[in-house]
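Enquirer: Have a look at the structure that comes next, please.
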Amino acid sequence: MTNLTVRMARWSAGHPWRGIAAWFLFVALCLGIGIAAGGHAATTEDYRIGEAGRAEAMAAEGGLSQQPVEHVLITGTGAAAGAAARDAAARMERLPEVASVSAPVRSRDGSALRVDVTMKGPELQGKDHIEPLHAQTAAVRAAHPGVRVEETGGPSISKGVGELRDDDLARTEVIALPITLVTLLVVFGSFAVAVVPVVLALTSIAAAIGLSMLASHVFPDAGVGASVILLIGMAVGVDYTLFYLKREREERAGSAGRLSARATVEIAAATSGRAVVVSGLAVAVSSATLYLADDVIFSSIATAAIVVTLVAVVSSLTVLPAVLAKLGGWAERRAARRGKAPKAPRTGGGRITRAMLRPTGRHPVATLAVSVLAMLALAAPLLNLDLTDMGRDSHPRQIPAMQVYDRLNAAFPELKATHRIVVKADAGRAPEVTAALRDLAGRAKTDPLLAGTSEMHASPDGRIHVLELAVPHHVSTEEAQRSLDRVRGGYVPATVGKPGMEAAVTGDVARYADYPEHQKSKLPFVIGALLLVTFAMTVWAFRSVVLGLVGVLLNLLSAGASLGVLVVVFQGTWAEGLLGFTSTGSVGSRVPLFLFVILFGLSMDYQVFVISRIREGARHGVPTRQAVLDGVGGSASVVTSAAFVMVTVFASFVFVHIMELKQMGFALAVAVLLDAAVIRIMILPALMLLLGDRCWWPSRAARPAVVGAAEPARQNVG
């Protein structure tokens, strides 16, 4: 691998303008091909999970799939409200996007009317055709100023969530980019050099978006791909470039002008370039374990993370050496004109790093014990973790459709949720199925957990029947969950649970309940695969079983601590005002799995970089103890800078409104902060100091070895 990275860097540094032009051509081609091919969004079928998914598949077989429904809410009394409702119904019926329109329904207290509008097409596509309906609602509002006319429903809410998410992502860029630039400017002291990581990260993101559109035809995009590409792309794109840049500048300054720009680039390729490849592969392989979750959302996340990470690796190995060669050449000419050699780099880290390393070097046992206990204390709240699906009820009320949704549910509580009992049987048994479902509806009518209203549908061939029961409780409430248990555990077995009848329950509450259970069932397989992958990648990178085990344990510690902090912050209410959210008393069901997988990959960045520096010293004869202290101290500035950039990018997602994105950003920011400040500077060096030469088992890192093309490159005196 080292020889390959050096050969790529050598060609790029030797033909810098060709390398730069080839990169921008590659980005343009990726975008162009992706736009030409178009993206493939996930369909309703892709989201089917558990019993709810099985019921939806049966309903679809009979042409009884749940369709997108909008509600026009007219608040007011008297003739004016009735006239507005009739006008709304008449206008909606004329739209080609509309399948059916209900007669106006008045609320029990008489303060409001509603018109239910069922749209054509699949449930998830309603948001793409909602504008004509909104236009007609606005026309009714203008024609009837004496009453309040509003519209809400699944399509309106989905569209509002998408628009809010896009606005939030734009805001995160505004927050993250300036802070990233300032950080890099402080690190490198040159605006030209500071811009390089940002430009390469942004172009990597652009190329990844194009490639992800192609990949979506194999792994459908669940609407989260762009968010993940931005989140991961900025982090790894800047990090990989930063590792490479820092090493090249160290070698150039350390040679005091004796090495040419091309030679320092080759050394950086042989050392940091290899670390970038290993780190990138680790992130990609770790992300791939998300495919085991058997869920379209996680598949979409995995695809986006893999694509953007690999593109970032390619950029650091191809165009970055070309840019560094040009910048190095300009620096050489400036130094020659001024008659000054480049300033030698400072070794051993800054004052803060030296202060943190001092007790580690003197008292590794105490440092290890205190640090591990502190991390375990942070992880302790994880025992109270409560996972729920962040559904419609958790959406921010900044979305206008959600405000109308609340007013609609207040006037018509029976619309809060629905149970759909789907039964499949031979057509000849249709009368028996119908009678059984009527029996079920009769039992449910007097149930205090249900609204007492029902509606039955049958497929044209008589094989599929659907009974809808209204639930006057939001899906996240205990009452709604108890009603689901009662329907599934009592009513269904007692009525349609007969031989030859296949019955399953779906609906809003069932979807909400089944998704977290599905995630919990898949979590052990994904985590197990993740631990195995992390161990294998570390052993492969450093030829050390001990370091493989250390890497797994430290990543578990970091992930556990960050999840514990997440539970304390988001399951309680004390941080609501500080972080701008309304607590659901739970954590999104996708967050822990996402955090584990992405963190395990990203933490390999620091692990590979730090241990590579330690191993490099050990292989050149430096005692392991000194190699550890020098390696950690020498890499501390770049690790700290990279971590600060990552924390900034992830923390910017804390200010978004979508709850799961907020929780994901917060958890990753905390995890990276703990990983860089505690794991890599205190726990890892303390462990390696205590293990000594045993940490390299079964290899012998202290044995002198040729470091790829680094030594020949150093002889290329410029």
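Ligands are numbered from 1 in the order shown, chains are lettered A, B, ... in the order of the structure tokens, and residues start at 1 in each chain.
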Residues of range 3-200 of chain A in strand (DSSP E) according to DSSP, as JSON, numbers by chain?
Expert: {"A": [69, 70, 71, 72, 73, 74, 75, 98, 99, 100, 101, 105, 106, 112, 113, 114, 115, 116, 117, 118, 119, 148, 149, 150, 151, 152, 153]}
Enquirer: Please produce a file of those selected residues containing N, CA and C atoms, as a PDB file, in the first residue's frame.
Expert:
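And here's out.pdb as it stands now:
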```
ATOM      1  N   VAL A  69     -53.194  11.255   2.681  1.00  0.00           N
ATOM      2  CA  VAL A  69     -54.435  11.959   3.014  1.00  0.00           C
ATOM      3  C   VAL A  69     -54.108  13.347   3.552  1.00  0.00           C
ATOM      4  N   GLU A  70     -54.806  14.332   3.039  1.00  0.00           N
ATOM      5  CA  GLU A  70     -54.731  15.708   3.531  1.00  0.00           C
ATOM      6  C   GLU A  70     -56.058  16.083   4.178  1.00  0.00           C
ATOM      7  N   HIS A  71     -56.000  17.006   5.122  1.00  0.00           N
ATOM      8  CA  HIS A  71     -57.201  17.479   5.803  1.00  0.00           C
ATOM      9  C   HIS A  71     -57.271  18.998   5.675  1.00  0.00           C
ATOM     10  N   VAL A  72     -58.404  19.484   5.181  1.00  0.00           N
ATOM     11  CA  VAL A  72     -58.656  20.926   5.180  1.00  0.00           C
ATOM     12  C   VAL A  72     -59.459  21.224   6.437  1.00  0.00           C
ATOM     13  N   LEU A  73     -58.907  22.057   7.303  1.00  0.00           N
ATOM     14  CA  LEU A  73     -59.530  22.387   8.590  1.00  0.00           C
ATOM     15  C   LEU A  73     -60.143  23.780   8.514  1.00  0.00           C
ATOM     16  N   ILE A  74     -61.445  23.856   8.766  1.00  0.00           N
ATOM     17  CA  ILE A  74     -62.139  25.141   8.779  1.00  0.00           C
ATOM     18  C   ILE A  74     -62.594  25.396  10.201  1.00  0.00           C
ATOM     19  N   THR A  75     -62.024  26.411  10.815  1.00  0.00           N
ATOM     20  CA  THR A  75     -62.371  26.754  12.193  1.00  0.00           C
ATOM     21  C   THR A  75     -63.366  27.903  12.173  1.00  0.00           C
ATOM     22  N   VAL A  98     -56.143  14.236  -6.946  1.00  0.00           N
ATOM     23  CA  VAL A  98     -57.034  13.792  -5.874  1.00  0.00           C
ATOM     24  C   VAL A  98     -57.817  12.557  -6.305  1.00  0.00           C
ATOM     25  N   ALA A  99     -57.867  11.549  -5.421  1.00  0.00           N
ATOM     26  CA  ALA A  99     -58.633  10.328  -5.695  1.00  0.00           C
ATOM     27  C   ALA A  99     -60.062  10.439  -5.181  1.00  0.00           C
ATOM     28  N   SER A 100     -60.235  11.008  -3.990  1.00  0.00           N
ATOM     29  CA  SER A 100     -61.576  11.144  -3.419  1.00  0.00           C
ATOM     30  C   SER A 100     -61.587  12.247  -2.372  1.00  0.00           C
ATOM     31  N   VAL A 101     -62.788  12.780  -2.137  1.00  0.00           N
ATOM     32  CA  VAL A 101     -62.972  13.840  -1.149  1.00  0.00           C
ATOM     33  C   VAL A 101     -64.179  13.483  -0.294  1.00  0.00           C
ATOM     34  N   VAL A 105     -67.024  17.107   7.735  1.00  0.00           N
ATOM     35  CA  VAL A 105     -67.271  16.471   9.030  1.00  0.00           C
ATOM     36  C   VAL A 105     -67.126  17.535  10.115  1.00  0.00           C
ATOM     37  N   ARG A 106     -68.113  17.654  10.972  1.00  0.00           N
ATOM     38  CA  ARG A 106     -68.070  18.655  12.038  1.00  0.00           C
ATOM     39  C   ARG A 106     -67.527  18.031  13.320  1.00  0.00           C
ATOM     40  N   ALA A 112     -65.422  23.402  14.588  1.00  0.00           N
ATOM     41  CA  ALA A 112     -64.607  23.228  13.387  1.00  0.00           C
ATOM     42  C   ALA A 112     -65.236  22.208  12.449  1.00  0.00           C
ATOM     43  N   LEU A 113     -64.846  22.329  11.185  1.00  0.00           N
ATOM     44  CA  LEU A 113     -65.207  21.369  10.148  1.00  0.00           C
ATOM     45  C   LEU A 113     -63.930  20.887   9.478  1.00  0.00           C
ATOM     46  N   ARG A 114     -64.001  19.674   8.964  1.00  0.00           N
ATOM     47  CA  ARG A 114     -62.850  19.194   8.203  1.00  0.00           C
ATOM     48  C   ARG A 114     -63.328  18.518   6.932  1.00  0.00           C
ATOM     49  N   VAL A 115     -62.457  18.574   5.907  1.00  0.00           N
ATOM     50  CA  VAL A 115     -62.690  17.882   4.655  1.00  0.00           C
ATOM     51  C   VAL A 115     -61.484  16.977   4.418  1.00  0.00           C
ATOM     52  N   ASP A 116     -61.700  15.672   4.318  1.00  0.00           N
ATOM     53  CA  ASP A 116     -60.613  14.717   4.112  1.00  0.00           C
ATOM     54  C   ASP A 116     -60.398  14.520   2.618  1.00  0.00           C
ATOM     55  N   VAL A 117     -59.140  14.700   2.190  1.00  0.00           N
ATOM     56  CA  VAL A 117     -58.801  14.611   0.769  1.00  0.00           C
ATOM     57  C   VAL A 117     -57.797  13.471   0.590  1.00  0.00           C
ATOM     58  N   THR A 118     -58.206  12.415  -0.100  1.00  0.00           N
ATOM     59  CA  THR A 118     -57.318  11.285  -0.373  1.00  0.00           C
ATOM     60  C   THR A 118     -56.671  11.485  -1.734  1.00  0.00           C
ATOM     61  N   MET A 119     -55.344  11.461  -1.738  1.00  0.00           N
ATOM     62  CA  MET A 119     -54.599  11.708  -2.965  1.00  0.00           C
ATOM     63  C   MET A 119     -54.315  10.407  -3.706  1.00  0.00           C
ATOM     64  N   ARG A 148     -61.373  30.554   9.508  1.00  0.00           N
ATOM     65  CA  ARG A 148     -59.959  30.167   9.387  1.00  0.00           C
ATOM     66  C   ARG A 148     -59.870  28.882   8.560  1.00  0.00           C
ATOM     67  N   VAL A 149     -59.139  28.929   7.460  1.00  0.00           N
ATOM     68  CA  VAL A 149     -59.008  27.788   6.559  1.00  0.00           C
ATOM     69  C   VAL A 149     -57.544  27.368   6.502  1.00  0.00           C
ATOM     70  N   GLU A 150     -57.244  26.112   6.855  1.00  0.00           N
ATOM     71  CA  GLU A 150     -55.865  25.611   6.905  1.00  0.00           C
ATOM     72  C   GLU A 150     -55.828  24.190   6.349  1.00  0.00           C
ATOM     73  N   GLU A 151     -54.601  23.732   6.070  1.00  0.00           N
ATOM     74  CA  GLU A 151     -54.437  22.377   5.548  1.00  0.00           C
ATOM     75  C   GLU A 151     -53.257  21.689   6.219  1.00  0.00           C
ATOM     76  N   THR A 152     -53.443  20.428   6.522  1.00  0.00           N
ATOM     77  CA  THR A 152     -52.360  19.608   7.063  1.00  0.00           C
ATOM     78  C   THR A 152     -52.572  18.165   6.628  1.00  0.00           C
ATOM     79  N   GLY A 153     -51.677  17.308   7.014  1.00  0.00           N
ATOM     80  CA  GLY A 153     -51.729  15.906   6.614  1.00  0.00           C
ATOM     81  C   GLY A 153     -50.334  15.376   6.394  1.00  0.00           C
TER      82      GLY A 153
END
```
Enquirer: Do a neighbour search on range 469-471 of chain A at 12 Å with only C-alpha atoms, toss out local chain neighbours closer than 2 positions, and write the hits as a PyMOL selection string.
Expert: chain A and resi 409+412-422+437-438+440-457+466-467+473-477+479-484+487+491+505-510
Enquirer: Of the residues A:Pro132, A:Pro145, A:Pro197, A:Gly233, which is the one nearest to Arg94 in chain A, using only C-alpha atoms?
Expert: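 Ranked by minimum distance to Arg94 in chain A, first place goes to A:Pro132.
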Enquirer: Considering only C-alpha atoms, return as a short mmCIF file (atom, residue, chain, number, x, y, z; two decimals) with C-alpha atoms, in the first residue's frame whatever protein or nucleic-acid residues lie within 12 Å of Pro16 in chain A, sequence-local ones (same chain, fewer than 4 positions apart) excluded.
Expert:
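This went into result_7.cif:
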```
data_model
loop_
_atom_site.label_atom_id
_atom_site.label_comp_id
_atom_site.auth_asym_id
_atom_site.auth_seq_id
_atom_site.Cartn_x
_atom_site.Cartn_y
_atom_site.Cartn_z
CA MET A 8 0.42 8.18 -6.89
CA ALA A 9 1.90 11.12 -4.98
CA ARG A 10 5.05 11.10 -7.12
CA TRP A 11 3.07 11.34 -10.36
CA SER A 12 0.74 13.99 -8.98
CA ILE A 20 -5.47 19.36 -10.25
CA ALA A 21 -7.29 19.45 -13.60
CA ALA A 22 -7.96 15.69 -13.45
CA TRP A 23 -9.51 16.05 -9.99
CA ALA A 261 8.95 20.00 -2.37
CA ARG A 262 8.41 16.76 -4.30
CA VAL A 265 5.37 15.14 -0.56
CA THR A 318 -4.27 12.38 -5.99
CA VAL A 319 -4.95 16.10 -6.10
CA LEU A 320 -3.53 16.94 -2.65
CA PRO A 321 0.09 16.00 -3.55
CA ALA A 322 -0.22 18.20 -6.65
CA VAL A 323 -1.44 21.15 -4.58
CA LEU A 324 1.27 20.60 -1.96
CA ALA A 325 3.96 20.44 -4.64
CA LYS A 326 2.84 23.79 -6.05
CA LEU A 327 2.56 25.40 -2.62
CA GLY A 328 5.92 23.93 -1.59
CA GLY A 329 7.57 25.24 -4.75
#
```
Enquirer: When you count only C-alpha atoms, which of these residues is closest to Thr640 in chain A: A:Ser544, A:Pro472, A:Ala676, A:Pro220?
Expert: A:Ala676
Enquirer: DSSP on the backbone, then: every residue of range 185-374 of chain A marked helix (DSSP H, G or I), written as a VMD selection string.
Expert: chain A and resid 185 to 188 191 to 215 225 to 254 261 to 293 296 to 317 319 to 338 351 to 362 364 to 374
Enquirer: Find the distance between CA of Phe219 in chain A and CA of Phe298 in chain A and write it in Å to one decimal.
Expert: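 Taking CA of Phe219 in chain A as the start and CA of Phe298 in chain A as the end point, the length is 10.1 Å.
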Enquirer: CA of Arg680 in chain A and CA of Leu593 in chain A are how many Å apart?
Expert: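 Between these atoms lies a distance of 22.9 Å.
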Enquirer: Which residue is closest to Val678 in chain A? Choose from A:Leu373, A:Ser227, A:Asp295, A:Asp386 and count only C-alpha atoms.
Expert: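 Counting only C-alpha atoms, the residue closest to Val678 in chain A is A:Leu373.
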Enquirer: For Gly146 in chain A, which residue among A:Gly82, A:Pro493, A:Gly38, A:Pro122 is the nearest when counting only C-alpha atoms?
Expert: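 Ranked by minimum distance to Gly146 in chain A, first place goes to A:Gly82.
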Enquirer: Env of Thr77 in chain A: 7 Å cut, atoms = only C-alpha atoms, seq-sep filter 3 positions within chain, self excluded. Answer as a list in words.
Expert: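 The neighbour list is Ala80, Ala81, Gly110, Ser111 and Ala112 of chain A.
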Enquirer: Just N, CA, C and O atoms for this one: save the residues we selected as a short mmCIF file (atom, residue, chain, number, x, y, z; two decimals), in the first residue's frame.
Expert:
```
data_model
loop_
_atom_site.label_atom_id
_atom_site.label_comp_id
_atom_site.auth_asym_id
_atom_site.auth_seq_id
_atom_site.Cartn_x
_atom_site.Cartn_y
_atom_site.Cartn_z
N ALA A 80 -71.07 30.38 7.38
CA ALA A 80 -69.81 30.73 6.73
C ALA A 80 -68.85 29.54 6.72
O ALA A 80 -68.18 29.27 5.71
N ALA A 81 -68.77 28.81 7.84
CA ALA A 81 -67.89 27.64 7.92
C ALA A 81 -68.37 26.55 6.97
O ALA A 81 -67.58 25.90 6.27
N GLY A 110 -68.57 21.37 17.73
CA GLY A 110 -69.15 22.26 16.74
C GLY A 110 -68.29 23.44 16.34
O GLY A 110 -68.73 24.30 15.56
N SER A 111 -67.03 23.50 16.81
CA SER A 111 -66.19 24.66 16.54
C SER A 111 -65.42 24.57 15.23
O SER A 111 -64.80 25.55 14.81
N ALA A 112 -65.42 23.40 14.59
CA ALA A 112 -64.61 23.23 13.39
C ALA A 112 -65.24 22.21 12.45
O ALA A 112 -66.03 21.36 12.86
#
```
Enquirer: Could you name the residues that touch Ala559 in chain A at 8 Å or less, counting only C-alpha atoms, but leaving out those on the same chain fewer than 2 positions away, as JSON, numbers by chain?
Expert: {"A": [555, 556, 557, 561, 562, 563, 595, 596, 599, 671]}
Enquirer: Need the shell around range 168-172 of chain A: protein/DNA/RNA residues with any atom at most 9 Å away, counting only C-alpha atoms. Skip same-chain ones fewer than 2 positions apart. Format as a list in words?
Expert: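 Using only C-alpha atoms, the neighbours found are Glu163, Leu164, Arg165, Asp166, Val174, Ile175, Ala176, Leu177, Ser227, Leu230, Val649, Phe650, Ala651, Ser652, Phe653, Phe655, Val656, His657 and Ile658 of chain A.
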Enquirer: Which of these, A:Ala28, A:Val140, A:Leu547, A:Val161, has the shortest distance to Ser204 in chain A once you count only C-alpha atoms?
Expert: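 The closest residue to Ser204 in chain A is A:Ala28.
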